[in-house]
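Visitor: My structure file target10.csv, CSV, C-alpha atoms and all ligand atoms, is below:
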```
chain,number,residue,atom,x,y,z
A,1052,MET,CA,7.8,-7.8,31.0
A,1053,LYS,CA,4.6,-6.8,32.8
A,1054,PRO,CA,1.7,-6.2,30.4
A,1055,PHE,CA,1.0,-2.5,29.7
A,1056,HIS,CA,-1.5,-0.3,27.8
A,1057,ARG,CA,-0.5,3.2,26.9
A,1058,VAL,CA,-2.5,5.9,25.2
A,1059,VAL,CA,-0.5,8.9,23.9
A,1060,PHE,CA,-2.6,11.9,23.1
A,1061,GLY,CA,-0.5,13.3,20.3
A,1062,ASP,CA,0.1,13.3,16.6
A,1063,CYS,CA,1.3,9.8,15.4
A,1064,LYS,CA,3.5,11.2,12.6
A,1065,THR,CA,6.2,10.7,15.2
A,1066,MET,CA,5.9,8.1,18.0
A,1067,LYS,CA,9.0,9.1,19.9
A,1068,GLU,CA,7.6,7.5,23.1
A,1069,ILE,CA,8.1,4.0,21.5
A,1070,PRO,CA,11.6,2.5,21.6
A,1071,ASP,CA,13.0,1.2,18.3
A,1072,GLY,CA,12.0,-2.3,17.1
A,1073,THR,CA,9.6,-3.0,20.0
A,1074,ILE,CA,6.2,-3.3,18.1
A,1075,HIS,CA,5.2,-6.8,17.1
A,1076,LEU,CA,2.0,-5.8,15.1
A,1077,MET,CA,0.2,-2.7,14.0
A,1078,VAL,CA,-3.5,-2.7,13.4
A,1079,THR,CA,-5.1,0.7,12.4
A,1080,SER,CA,-7.5,2.6,10.3
A,1081,PRO,CA,-6.4,6.1,9.5
A,1082,PRO,CA,-9.0,8.9,9.3
A,1083,TYR,CA,-11.0,8.3,6.1
A,1084,TYR,CA,-9.5,11.3,4.3
A,1085,ASN,CA,-12.4,13.8,4.2
A,1086,ALA,CA,-15.3,11.3,4.5
A,1087,PRO,CA,-18.5,13.2,4.3
A,1088,PHE,CA,-20.0,11.8,7.6
A,1089,GLU,CA,-17.1,11.6,10.1
A,1090,TYR,CA,-14.3,13.8,8.7
A,1091,PRO,CA,-15.7,16.5,6.4
A,1092,ASP,CA,-12.9,18.9,5.6
A,1093,LEU,CA,-10.5,17.4,8.1
A,1094,PHE,CA,-7.6,17.9,5.7
A,1095,GLU,CA,-7.0,21.0,3.6
A,1096,THR,CA,-5.8,18.9,0.7
A,1097,TYR,CA,-5.4,15.2,-0.2
A,1098,GLU,CA,-1.6,15.8,-0.2
A,1099,GLU,CA,-1.9,16.8,3.5
A,1100,PHE,CA,-3.5,13.4,4.2
A,1101,LEU,CA,-0.8,11.6,2.2
A,1102,GLN,CA,1.9,13.5,4.1
A,1103,LEU,CA,0.5,12.2,7.4
A,1104,VAL,CA,0.7,8.6,6.1
A,1105,ARG,CA,4.2,9.2,4.7
A,1106,ASP,CA,5.5,10.6,8.0
A,1107,LEU,CA,3.8,7.8,10.0
A,1108,SER,CA,5.1,5.0,7.7
A,1109,LYS,CA,8.7,6.2,8.2
A,1110,ASP,CA,8.5,6.2,12.0
A,1111,LEU,CA,6.5,2.9,11.9
A,1112,TYR,CA,9.5,1.3,10.2
A,1113,ARG,CA,11.6,2.4,13.1
A,1114,VAL,CA,9.3,1.1,15.8
A,1115,MET,CA,8.4,-2.3,14.2
A,1116,ALA,CA,10.3,-5.4,15.2
A,1117,PRO,CA,12.1,-7.1,12.3
A,1118,GLY,CA,9.9,-9.5,10.3
A,1119,ARG,CA,6.7,-8.1,11.8
A,1120,VAL,CA,3.4,-7.1,10.2
A,1121,ALA,CA,1.6,-3.7,9.9
A,1122,CYS,CA,-2.1,-3.6,8.8
A,1123,PHE,CA,-4.1,-0.7,7.5
A,1124,VAL,CA,-7.9,-0.9,7.3
A,1125,THR,CA,-8.8,1.7,4.7
A,1126,ASP,CA,-10.7,2.4,1.5
A,1127,ASP,CA,-10.7,4.7,-1.5
A,1128,MET,CA,-12.8,7.7,-0.7
A,1129,LEU,CA,-15.5,9.5,-2.6
A,1130,VAL,CA,-15.5,13.1,-1.6
A,1131,LYS,CA,-17.7,15.7,-3.4
A,1132,GLY,CA,-18.0,13.5,-6.5
A,1133,GLN,CA,-14.2,12.7,-6.7
A,1134,LYS,CA,-12.8,9.3,-5.9
A,1135,TYR,CA,-9.4,9.4,-4.1
A,1136,PRO,CA,-7.1,6.3,-4.5
A,1137,VAL,CA,-6.3,5.9,-0.8
A,1138,VAL,CA,-5.6,2.1,-1.1
A,1139,ALA,CA,-3.1,2.5,-3.9
A,1140,ASP,CA,-1.4,5.5,-2.3
A,1141,VAL,CA,-1.1,4.0,1.2
A,1142,THR,CA,0.5,0.9,-0.5
A,1143,ARG,CA,3.0,3.0,-2.4
A,1144,LEU,CA,3.9,5.0,0.7
A,1145,MET,CA,4.5,1.9,2.8
A,1146,LEU,CA,6.7,0.4,0.0
A,1147,ASP,CA,8.6,3.6,-0.1
A,1148,ALA,CA,9.2,3.4,3.7
A,1149,GLY,CA,10.8,0.0,3.2
A,1150,PHE,CA,8.0,-2.4,4.0
A,1151,ARG,CA,7.1,-5.5,1.8
A,1152,TYR,CA,3.5,-5.8,0.5
A,1153,ARG,CA,2.3,-9.1,1.9
A,1154,ASP,CA,-1.5,-9.2,1.3
A,1155,ARG,CA,-4.8,-7.4,0.7
A,1156,ILE,CA,-7.9,-8.8,2.4
A,1157,VAL,CA,-11.2,-7.4,1.3
A,1158,TRP,CA,-13.6,-6.7,4.2
A,1159,VAL,CA,-17.1,-7.1,2.9
A,1160,LYS,CA,-20.0,-5.5,4.9
A,1161,PRO,CA,-23.6,-6.8,4.8
A,1162,LYS,CA,-25.4,-6.0,1.5
A,1163,GLY,CA,-27.8,-3.5,3.1
A,1164,TYR,CA,-25.0,-1.3,4.3
A,1165,VAL,CA,-24.6,1.8,2.2
A,1166,ARG,CA,-23.7,5.1,4.0
A,1167,ILE,CA,-23.8,7.6,1.2
A,1168,SER,CA,-26.8,8.0,-1.1
A,1169,ARG,CA,-27.4,4.9,-3.3
A,1170,ARG,CA,-25.4,5.7,-6.4
A,1171,SER,CA,-26.6,2.6,-8.0
A,1172,GLY,CA,-30.1,4.0,-8.2
A,1173,VAL,CA,-29.1,6.3,-11.1
A,1174,VAL,CA,-29.3,3.3,-13.5
A,1175,ILE,CA,-32.9,2.6,-12.3
A,1176,GLN,CA,-33.8,6.2,-13.2
A,1177,HIS,CA,-31.8,6.1,-16.4
A,1178,PRO,CA,-31.5,2.5,-17.6
A,1179,TYR,CA,-28.8,3.3,-20.2
A,1180,PRO,CA,-25.1,2.9,-20.5
A,1181,MET,CA,-22.7,5.3,-18.6
A,1182,TYR,CA,-25.0,5.9,-15.7
A,1183,TYR,CA,-23.5,3.1,-13.6
A,1184,TYR,CA,-22.0,3.9,-10.2
A,1185,PRO,CA,-21.9,0.9,-7.8
A,1186,ASP,CA,-22.6,1.2,-4.1
A,1187,ASN,CA,-19.6,0.4,-2.0
A,1188,ILE,CA,-19.8,-2.3,0.7
A,1189,GLN,CA,-16.1,-3.2,1.1
A,1190,GLU,CA,-12.9,-1.9,2.6
A,1191,SER,CA,-9.3,-3.1,2.2
A,1192,ILE,CA,-7.2,-4.6,5.0
A,1193,LEU,CA,-3.6,-4.0,3.7
A,1194,VAL,CA,-1.0,-6.2,5.2
A,1195,PHE,CA,2.7,-5.1,5.1
A,1196,GLN,CA,5.8,-6.7,6.6
A,1197,LYS,CA,9.2,-5.4,7.7
A,1198,GLY,CA,11.5,-7.8,6.0
A,1199,LYS,CA,11.0,-11.6,6.6
A,1200,PHE,CA,10.0,-13.3,9.8
A,1201,ASP,CA,12.5,-15.7,11.3
A,1202,TYR,CA,10.4,-18.8,12.2
A,1203,SER,CA,13.2,-20.1,14.6
A,1204,TYR,CA,11.7,-17.4,17.0
A,1205,LEU,CA,9.0,-19.9,17.9
A,1206,ARG,CA,11.5,-22.3,19.3
A,1207,GLY,CA,12.6,-19.6,21.8
A,1208,LEU,CA,9.1,-19.0,23.1
A,1209,PRO,CA,8.1,-20.6,26.4
A,1210,ALA,CA,5.7,-23.5,25.7
A,1211,LYS,CA,2.9,-21.9,27.7
A,1212,GLU,CA,3.1,-18.7,25.6
A,1213,LEU,CA,3.1,-20.7,22.4
A,1214,GLU,CA,0.1,-22.7,23.5
A,1215,LYS,CA,-1.8,-19.4,24.4
A,1216,SER,CA,-1.0,-18.2,20.9
A,1217,ARG,CA,-2.5,-21.1,19.1
A,1218,ILE,CA,-4.9,-20.1,16.3
A,1219,PRO,CA,-8.5,-21.5,16.7
A,1220,ILE,CA,-8.7,-23.7,13.6
A,1221,ASP,CA,-12.5,-24.1,13.9
A,1222,ALA,CA,-12.9,-20.4,13.5
A,1223,TYR,CA,-10.1,-20.2,10.9
A,1224,ASN,CA,-12.0,-22.6,8.6
A,1225,GLY,CA,-15.6,-22.1,9.7
A,1226,GLU,CA,-15.6,-18.2,9.7
A,1227,GLY,CA,-13.5,-17.9,6.5
A,1228,TRP,CA,-10.3,-16.4,8.1
A,1229,ALA,CA,-8.4,-18.5,5.6
A,1230,LEU,CA,-9.7,-16.5,2.6
A,1231,THR,CA,-8.9,-13.1,1.2
A,1232,VAL,CA,-12.5,-12.0,1.6
A,1233,TRP,CA,-13.8,-11.5,5.2
A,1234,ASN,CA,-17.5,-11.0,5.6
A,1235,ILE,CA,-17.9,-9.0,8.8
A,1236,THR,CA,-20.7,-6.8,10.0
A,1237,ASN,CA,-19.6,-3.2,10.5
A,1238,VAL,CA,-20.2,-1.0,13.6
A,1239,LEU,CA,-23.5,0.7,12.8
A,1240,PRO,CA,-23.4,4.5,13.3
A,1241,MET,CA,-26.5,4.5,15.6
A,1242,GLY,CA,-27.9,6.5,18.4
A,1243,GLN,CA,-26.1,6.3,21.7
A,1244,ARG,CA,-23.2,4.0,20.6
A,1245,LEU,CA,-19.9,4.9,22.2
A,1246,GLU,CA,-18.3,5.0,18.8
A,1247,LYS,CA,-20.7,7.6,17.3
A,1248,GLY,CA,-18.8,9.8,14.9
A,1249,VAL,CA,-15.5,7.9,15.2
A,1250,ALA,CA,-15.7,5.5,12.2
A,1251,ALA,CA,-14.7,2.6,14.5
A,1252,PHE,CA,-14.0,-0.8,13.0
A,1253,PRO,CA,-15.7,-4.0,14.5
A,1254,GLU,CA,-13.7,-5.9,17.1
A,1255,GLU,CA,-13.7,-8.9,14.9
A,1256,ILE,CA,-11.1,-7.2,12.6
A,1257,PRO,CA,-8.3,-6.6,15.3
A,1258,LYS,CA,-9.3,-9.9,16.9
A,1259,ARG,CA,-8.4,-11.9,13.7
A,1260,LEU,CA,-5.3,-9.9,12.9
A,1261,ILE,CA,-3.9,-10.0,16.5
A,1262,ARG,CA,-4.4,-13.8,16.6
A,1263,LEU,CA,-2.9,-14.3,13.2
A,1264,PHE,CA,0.1,-12.0,13.4
A,1265,SER,CA,1.2,-11.7,17.1
A,1266,PHE,CA,2.1,-14.0,19.9
A,1267,HIS,CA,0.6,-14.0,23.4
A,1268,GLY,CA,2.4,-11.4,25.6
A,1269,GLU,CA,3.7,-9.3,22.6
A,1270,THR,CA,2.9,-5.6,21.8
A,1271,VAL,CA,0.3,-4.2,19.4
A,1272,LEU,CA,0.2,-0.6,18.2
A,1273,ASP,CA,-2.7,1.4,16.9
A,1274,PRO,CA,-1.5,4.9,15.8
A,1275,PHE,CA,-5.1,6.1,15.1
A,1276,LEU,CA,-6.7,4.7,18.2
A,1277,GLY,CA,-10.2,6.4,17.9
A,1278,SER,CA,-12.5,4.8,20.4
A,1279,GLY,CA,-9.8,2.2,21.5
A,1280,THR,CA,-11.1,-0.9,19.7
A,1281,THR,CA,-7.6,-2.3,19.0
A,1282,MET,CA,-6.5,-1.7,22.6
A,1283,LYS,CA,-9.6,-3.4,24.0
A,1284,VAL,CA,-9.1,-6.5,21.9
A,1285,ALA,CA,-5.3,-6.6,22.5
A,1286,GLN,CA,-6.0,-6.6,26.3
A,1287,GLU,CA,-8.6,-9.3,26.0
A,1288,LEU,CA,-6.1,-11.4,24.0
A,1289,GLY,CA,-3.2,-10.9,26.5
A,1290,ARG,CA,-1.1,-8.5,24.4
A,1291,SER,CA,0.3,-5.2,25.6
A,1292,SER,CA,-0.5,-2.1,23.5
A,1293,TRP,CA,0.3,1.4,22.5
A,1294,GLY,CA,-2.3,3.8,21.0
A,1295,PHE,CA,-2.0,7.3,19.6
A,1296,GLU,CA,-4.9,9.7,19.3
A,1297,ILE,CA,-4.9,13.4,18.4
A,1298,ASP,CA,-8.3,14.1,19.8
A,1299,ARG,CA,-8.2,14.4,23.6
A,1300,GLY,CA,-12.0,14.5,23.6
A,1301,LEU,CA,-11.9,10.7,23.0
A,1302,GLY,CA,-10.3,10.0,26.3
A,1303,LYS,CA,-13.6,9.4,28.0
A,1304,ILE,CA,-14.9,7.1,25.3
A,1305,ILE,CA,-11.6,5.1,25.4
A,1306,LYS,CA,-11.9,4.7,29.1
A,1307,GLN,CA,-15.5,3.6,28.9
A,1308,LYS,CA,-14.7,1.1,26.1
A,1309,LEU,CA,-11.9,-0.4,28.2
A,1310,ALA,CA,-13.8,-0.3,31.5
A,1311,GLY,CA,-15.5,-3.6,30.9
A,1312,ASN,CA,-12.0,-5.3,30.9
A,1313,SER,CA,-10.8,-3.8,34.1
A,1314,GLN,CA,-11.5,-6.8,36.4
A,1315,SER,CA,-8.1,-8.4,35.5
A,1316,GLY,CA,-6.3,-5.7,37.5
A,1317,TRP,CA,-4.6,-3.9,34.5
A,1318,LYS,CA,-4.9,-0.2,33.9
A,1319,VAL,CA,-4.4,2.2,31.0
A,1320,GLU,CA,-1.7,4.9,31.2
A,1321,PHE,CA,-2.5,8.2,29.5
A,1322,LEU,CA,0.3,10.5,28.3
A,1323,PHE,CA,-0.5,13.9,27.0
A,1324,ARG,CA,1.6,15.8,24.4
A,1325,ARG,CA,1.3,19.5,23.5
A,1326,ASP,CA,0.3,18.8,19.9
A,1327,THR,CA,-3.1,17.4,20.9
A,1328,ASN,CA,-6.4,18.9,20.2
A,1329,ARG,CA,-7.7,20.4,23.5
A,1330,ILE,CA,-11.0,21.7,22.2
A,1331,PRO,CA,-13.8,19.5,23.6
A,1332,ARG,CA,-15.0,17.0,21.0
A,1333,SER,CA,-18.6,18.3,21.0
A,1334,GLU,CA,-17.4,21.8,20.2
A,1335,ARG,CA,-15.0,20.6,17.5
A,1336,LEU,CA,-17.7,18.6,15.8
A,1337,ARG,CA,-19.8,21.7,15.6
A,1338,SER,CA,-17.0,23.6,14.0
A,1339,LYS,CA,-16.8,23.8,10.2
A,1340,ARG,CA,-13.1,23.2,9.9
A,1341,PRO,CA,-11.7,21.1,12.7
A,1342,SER,CA,-8.3,20.9,11.0
A,1343,GLN,CA,-7.8,24.7,11.5
A,1344,ILE,CA,-8.4,24.3,15.2
A,1345,ILE,CA,-6.0,21.5,15.5
A,1346,ALA,CA,-3.4,23.4,13.6
A,1347,LYS,CA,-3.8,26.5,15.8
A,1348,ILE,CA,-3.3,24.6,19.0
A,1349,ALA,CA,-0.3,22.6,17.7
A,1350,ARG,CA,1.6,25.8,16.9
B,1,LIG,C1,-11.0,6.0,11.6
B,1,LIG,S1,-10.7,6.5,13.2
B,1,LIG,C2,-10.1,5.2,14.0
B,1,LIG,C3,-11.2,4.4,14.7
B,1,LIG,C4,-10.7,3.2,15.5
B,1,LIG,N1,-10.2,2.1,14.6
B,1,LIG,C5,-11.9,2.6,16.3
B,1,LIG,O1,-12.2,1.5,16.2
B,1,LIG,O2,-12.4,3.4,17.1
B,1,LIG,C6,-9.2,7.5,13.0
B,1,LIG,C7,-8.8,8.3,14.3
B,1,LIG,O3,-7.5,8.9,14.0
B,1,LIG,C8,-7.4,10.1,14.7
B,1,LIG,N2,-6.4,10.9,14.1
B,1,LIG,C9,-6.4,11.7,13.0
B,1,LIG,N3,-5.2,12.3,12.8
B,1,LIG,C10,-4.4,11.8,13.7
B,1,LIG,C11,-3.0,12.0,14.0
B,1,LIG,N4,-2.3,12.7,13.2
B,1,LIG,N5,-2.4,11.3,15.0
B,1,LIG,C12,-3.2,10.5,15.8
B,1,LIG,N6,-4.5,10.3,15.6
B,1,LIG,C13,-5.1,10.9,14.6
B,1,LIG,C14,-8.8,10.7,14.6
B,1,LIG,O4,-9.1,11.6,15.6
B,1,LIG,C15,-9.7,9.4,14.7
B,1,LIG,O5,-10.1,9.2,16.0
```
Can the structure in the file be given as structure tokens, please?

Guide:
Amino acid sequence: MKPFHRVVFGDCKTMKEIPDGTIHLMVTSPPYYNAPFEYPDLFETYEEFLQLVRDLSKDLYRVMAPGRVACFVTDDMLVKGQKYPVVADVTRLMLDAGFRYRDRIVWVKPKGYVRISRRSGVVIQHPYPMYYYPDNIQESILVFQKGKFDYSYLRGLPAKELEKSRIPIDAYNGEGWALTVWNITNVLPMGQRLEKGVAAFPEEIPKRLIRLFSFHGETVLDPFLGSGTTMKVAQELGRSSWGFEIDRGLGKIIKQKLAGNSQSGWKVEFLFRRDTNRIPRSERLRSKRPSQIIAKIAR
């Protein structure tokens, strides 16, 4: 099949555009619940966030090919002094949808990276027991699988495709891909960066996952596409891709991010659904409760 890259502007709780069993790998990071910087008050309640993951996981089971892998990059979230167990809850919801829990990789960011005020400083002011709150510099990469992979699949692949899918063993050993802890610098939320306000993950994460869990020419999905990082890397690595994004305002950023890859003659198709947010991104970010705007338009 000819390679393709399709962005659907619509809610990923259903991915009706994707035929059953056609996705070979999912790599995604859902909105970080109500993260104080990027997503304050995005969801009315934590249950609303969980319902989105629940709906997605069911349709994900339909679109995934048998034996294939789905990865969530996510973390427990501290919102207004309360810690929400996102990692445990996403794991439970994926198990409930029928997936197997395969692995958890811990993504460790550089030591100097702390977004929210340094909680650990409290002990310096009050050097006594019970004042301890550590600063968080990690996220989880949760790896799930739809049943078991049939390794005889490799025998059916053209030798050329198999060769292009070979994992670079130097990087595998030298950069620590082989371990459950990955040290990778995060995308810094600075100035004029394309990904400003999107909570993008660094390209290195989809790069490793795509190489480790999909073959050249196969299809990768990111249901929370954001700025398009997964799609960009999928294209660079010779995989087709689907992306879903609810915020139409990100279309320009996605196009810009992928523009650098356009020499190879491929193009991105954009499909628009009615449940998308049509309020310009700038306006939405100024708004106090973006979820209310999204809900109004979707009705
Ligand atoms: C954490 S960001 C993803 C960032 C992405 N990994 C990147 O590198 O740019 C989550 C994205 O999910 C989008 N989103 C939130 N709810 C959604 C939904 N129901 N369907 C599709 N996209 C949604 C948000 O607009 C946001 O862009």

Visitor: Measure the distance from CA of Glu1068 in chain A to CA of Val1271 in chain A in Å and round it to one decimal.

Guide: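 Distance between the two atoms: 14.3 Å.
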
Visitor: What gap, in Å, lies between atom C7 of ligand LIG 1 (chain B) and CA of Ser1291 in chain A?

Guide: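 Atom-to-atom, atom C7 of ligand LIG 1 (chain B) to CA of Ser1291 in chain A, that is 19.8 Å.
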
Visitor: Go through chain A and flag each residue having an atom no more than 6 Å from ligand LIG 1 (chain B); for those, report the closest pair of atoms plus their distance in Å to one decimal, using only C-alpha atoms and all ligand atoms, ordered by chain and rising number, as CSV.

Guide:
```
residue,atom,partner,partner_atom,distance
A:Gly1061,CA,B:LIG1,C12,5.9
A:Asp1062,CA,B:LIG1,N5,3.6
A:Cys1063,CA,B:LIG1,N5,4.0
A:Thr1079,CA,B:LIG1,N1,5.7
A:Ser1080,CA,B:LIG1,C1,5.0
A:Pro1081,CA,B:LIG1,C6,4.7
A:Pro1082,CA,B:LIG1,C6,4.0
A:Tyr1083,CA,B:LIG1,C1,6.0
A:Val1249,CA,B:LIG1,S1,5.4
A:Ala1250,CA,B:LIG1,C1,4.8
A:Ala1251,CA,B:LIG1,O1,3.2
A:Phe1252,CA,B:LIG1,O1,4.3
A:Pro1274,CA,B:LIG1,C12,5.9
A:Phe1275,CA,B:LIG1,O3,3.8
A:Leu1276,CA,B:LIG1,C4,5.1
A:Gly1277,CA,B:LIG1,O5,3.4
A:Ser1278,CA,B:LIG1,O2,3.6
A:Gly1279,CA,B:LIG1,O2,5.2
A:Thr1280,CA,B:LIG1,O1,4.4
A:Phe1295,CA,B:LIG1,C12,5.1
A:Glu1296,CA,B:LIG1,N6,3.8
A:Ile1297,CA,B:LIG1,N6,4.2
A:Asp1298,CA,B:LIG1,O4,5.0
```

Visitor: How many Å separate CA of Gly1198 in chain A from CA of Val1114 in chain A?

Guide: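 Taking CA of Gly1198 in chain A as the start and CA of Val1114 in chain A as the end point, the length is 13.4 Å.
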
Visitor: Near Tyr1135 in chain A, within 10 Å and counting all atoms listed in the file, which residues show up once chain neighbours fewer than 5 positions away are dropped, as a list in words?

Guide: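 Within the cut-off, the hits are Tyr1084, Asn1085, Tyr1097, Asp1126, Asp1127, Met1128, Leu1129, Val1130 and Asp1140 of chain A.
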
Visitor: Could you pull the residues within 8 Å of Thr1065 in chain A, counting all atoms listed in the file, minus those fewer than 3 positions along the same chain, as a list of chain:residue names?

Guide: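 Residues meeting the cut-off are A:Asp1062, A:Asp1106, A:Leu1107, A:Asp1110.
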
Visitor: Take the residues from that selection and put them in a file with C-alpha atoms, as a PDB file, in the frame of the given file.

Guide:
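This went into out_5.pdb:
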```pdb
ATOM      1  CA  ASP A1062       0.100  13.300  16.600  1.00  0.00           C
ATOM      2  CA  ASP A1106       5.500  10.600   8.000  1.00  0.00           C
ATOM      3  CA  LEU A1107       3.800   7.800  10.000  1.00  0.00           C
ATOM      4  CA  ASP A1110       8.500   6.200  12.000  1.00  0.00           C
TER       5      ASP A1110
END
```

Visitor: Pick out the closest residue to Gly1248 in chain A from this set: A:Leu1260, A:Leu1301, A:Val1059, A:Met1181. Count all atoms listed in the file.

Guide: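 Using all atoms listed in the file, Gly1248 in chain A sits closest to A:Leu1301.
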
Visitor: Restricting the calculation to only C-alpha atoms: of A:Ala1121, A:Ile1074, A:Leu1103, A:Ile1156, which residue gets closest to Ile1192 in chain A?

Guide: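 Closest to Ile1192 in chain A, using only C-alpha atoms: A:Ile1156.
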
Visitor: Which one is closest to Glu1226 in chain A: A:His1267, A:Lys1131, A:Arg1259, A:Lys1199? Count all atoms listed in the file.

Guide: A:Arg1259

Visitor: For Tyr1184 in chain A, which of A:Gly1227, A:Gly1149, A:Gly1132, A:Gly1268 is the closest residue, counting all atoms listed in the file?

Guide: A:Gly1132

Visitor: Find, counting all atoms listed in the file, the residue in A:Leu1309, A:Val1138, A:Leu1322, A:Ile1218 that gets nearest to Val1157 in chain A.

Guide: A:Val1138

Visitor: Need the shell around Asp1201 in chain A: protein/DNA/RNA residues with any atom at most 12 Å away, counting only C-alpha atoms. Skip same-chain ones fewer than 5 positions apart. Format as a ChimeraX atom specification?

Guide: /A:1116-1119,1206-1207

Visitor: With distances taken over all atoms listed in the file, which of A:Gln1133, A:Gly1225, A:Phe1123, A:Glu1255 is nearest to Glu1190 in chain A?

Guide: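 Among the listed residues, the smallest separation from Glu1190 in chain A belongs to A:Phe1123.
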
Visitor: Once N, CA and C atoms are restored for range 1142-1158 of chain A, what would the output be as a PDB file, in the coordinates of the input?

Guide:
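Contents of selection-v3.pdb, freshly written:
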```
ATOM      1  N   THR A1142      -0.436   1.989  -0.092  1.00  0.00           N
ATOM      2  CA  THR A1142       0.500   0.900  -0.500  1.00  0.00           C
ATOM      3  C   THR A1142       1.798   1.435  -0.967  1.00  0.00           C
ATOM      4  N   ARG A1143       1.732   2.418  -1.839  1.00  0.00           N
ATOM      5  CA  ARG A1143       3.000   3.000  -2.400  1.00  0.00           C
ATOM      6  C   ARG A1143       3.826   3.611  -1.272  1.00  0.00           C
ATOM      7  N   LEU A1144       3.163   4.346  -0.353  1.00  0.00           N
ATOM      8  CA  LEU A1144       3.900   5.000   0.700  1.00  0.00           C
ATOM      9  C   LEU A1144       4.578   4.004   1.644  1.00  0.00           C
ATOM     10  N   MET A1145       3.887   2.901   1.914  1.00  0.00           N
ATOM     11  CA  MET A1145       4.500   1.900   2.800  1.00  0.00           C
ATOM     12  C   MET A1145       5.654   1.190   2.084  1.00  0.00           C
ATOM     13  N   LEU A1146       5.527   0.954   0.783  1.00  0.00           N
ATOM     14  CA  LEU A1146       6.700   0.400   0.000  1.00  0.00           C
ATOM     15  C   LEU A1146       7.844   1.341   0.073  1.00  0.00           C
ATOM     16  N   ASP A1147       7.558   2.622  -0.135  1.00  0.00           N
ATOM     17  CA  ASP A1147       8.600   3.600  -0.100  1.00  0.00           C
ATOM     18  C   ASP A1147       9.331   3.675   1.240  1.00  0.00           C
ATOM     19  N   ALA A1148       8.582   3.395   2.304  1.00  0.00           N
ATOM     20  CA  ALA A1148       9.200   3.400   3.700  1.00  0.00           C
ATOM     21  C   ALA A1148      10.020   2.187   3.930  1.00  0.00           C
ATOM     22  N   GLY A1149       9.945   1.199   3.024  1.00  0.00           N
ATOM     23  CA  GLY A1149      10.800   0.000   3.200  1.00  0.00           C
ATOM     24  C   GLY A1149      10.058  -1.273   3.498  1.00  0.00           C
ATOM     25  N   PHE A1150       8.728  -1.199   3.654  1.00  0.00           N
ATOM     26  CA  PHE A1150       8.000  -2.400   4.000  1.00  0.00           C
ATOM     27  C   PHE A1150       7.749  -3.263   2.721  1.00  0.00           C
ATOM     28  N   ARG A1151       7.513  -4.563   2.930  1.00  0.00           N
ATOM     29  CA  ARG A1151       7.100  -5.500   1.800  1.00  0.00           C
ATOM     30  C   ARG A1151       5.579  -5.502   1.841  1.00  0.00           C
ATOM     31  N   TYR A1152       5.010  -5.634   0.653  1.00  0.00           N
ATOM     32  CA  TYR A1152       3.500  -5.800   0.500  1.00  0.00           C
ATOM     33  C   TYR A1152       3.229  -7.237   0.621  1.00  0.00           C
ATOM     34  N   ARG A1153       2.465  -7.621   1.652  1.00  0.00           N
ATOM     35  CA  ARG A1153       2.300  -9.100   1.900  1.00  0.00           C
ATOM     36  C   ARG A1153       0.897  -9.543   1.400  1.00  0.00           C
ATOM     37  N   ASP A1154      -0.154  -8.779   1.668  1.00  0.00           N
ATOM     38  CA  ASP A1154      -1.500  -9.200   1.300  1.00  0.00           C
ATOM     39  C   ASP A1154      -2.504  -8.100   1.294  1.00  0.00           C
ATOM     40  N   ARG A1155      -3.608  -8.334   0.585  1.00  0.00           N
ATOM     41  CA  ARG A1155      -4.800  -7.400   0.700  1.00  0.00           C
ATOM     42  C   ARG A1155      -5.982  -8.322   0.960  1.00  0.00           C
ATOM     43  N   ILE A1156      -6.641  -8.078   2.091  1.00  0.00           N
ATOM     44  CA  ILE A1156      -7.900  -8.800   2.400  1.00  0.00           C
ATOM     45  C   ILE A1156      -9.019  -7.824   2.156  1.00  0.00           C
ATOM     46  N   VAL A1157     -10.079  -8.312   1.542  1.00  0.00           N
ATOM     47  CA  VAL A1157     -11.200  -7.400   1.300  1.00  0.00           C
ATOM     48  C   VAL A1157     -12.251  -7.693   2.405  1.00  0.00           C
ATOM     49  N   TRP A1158     -12.544  -6.649   3.143  1.00  0.00           N
ATOM     50  CA  TRP A1158     -13.600  -6.700   4.200  1.00  0.00           C
ATOM     51  C   TRP A1158     -14.921  -6.365   3.550  1.00  0.00           C
TER      52      TRP A1158
END
```
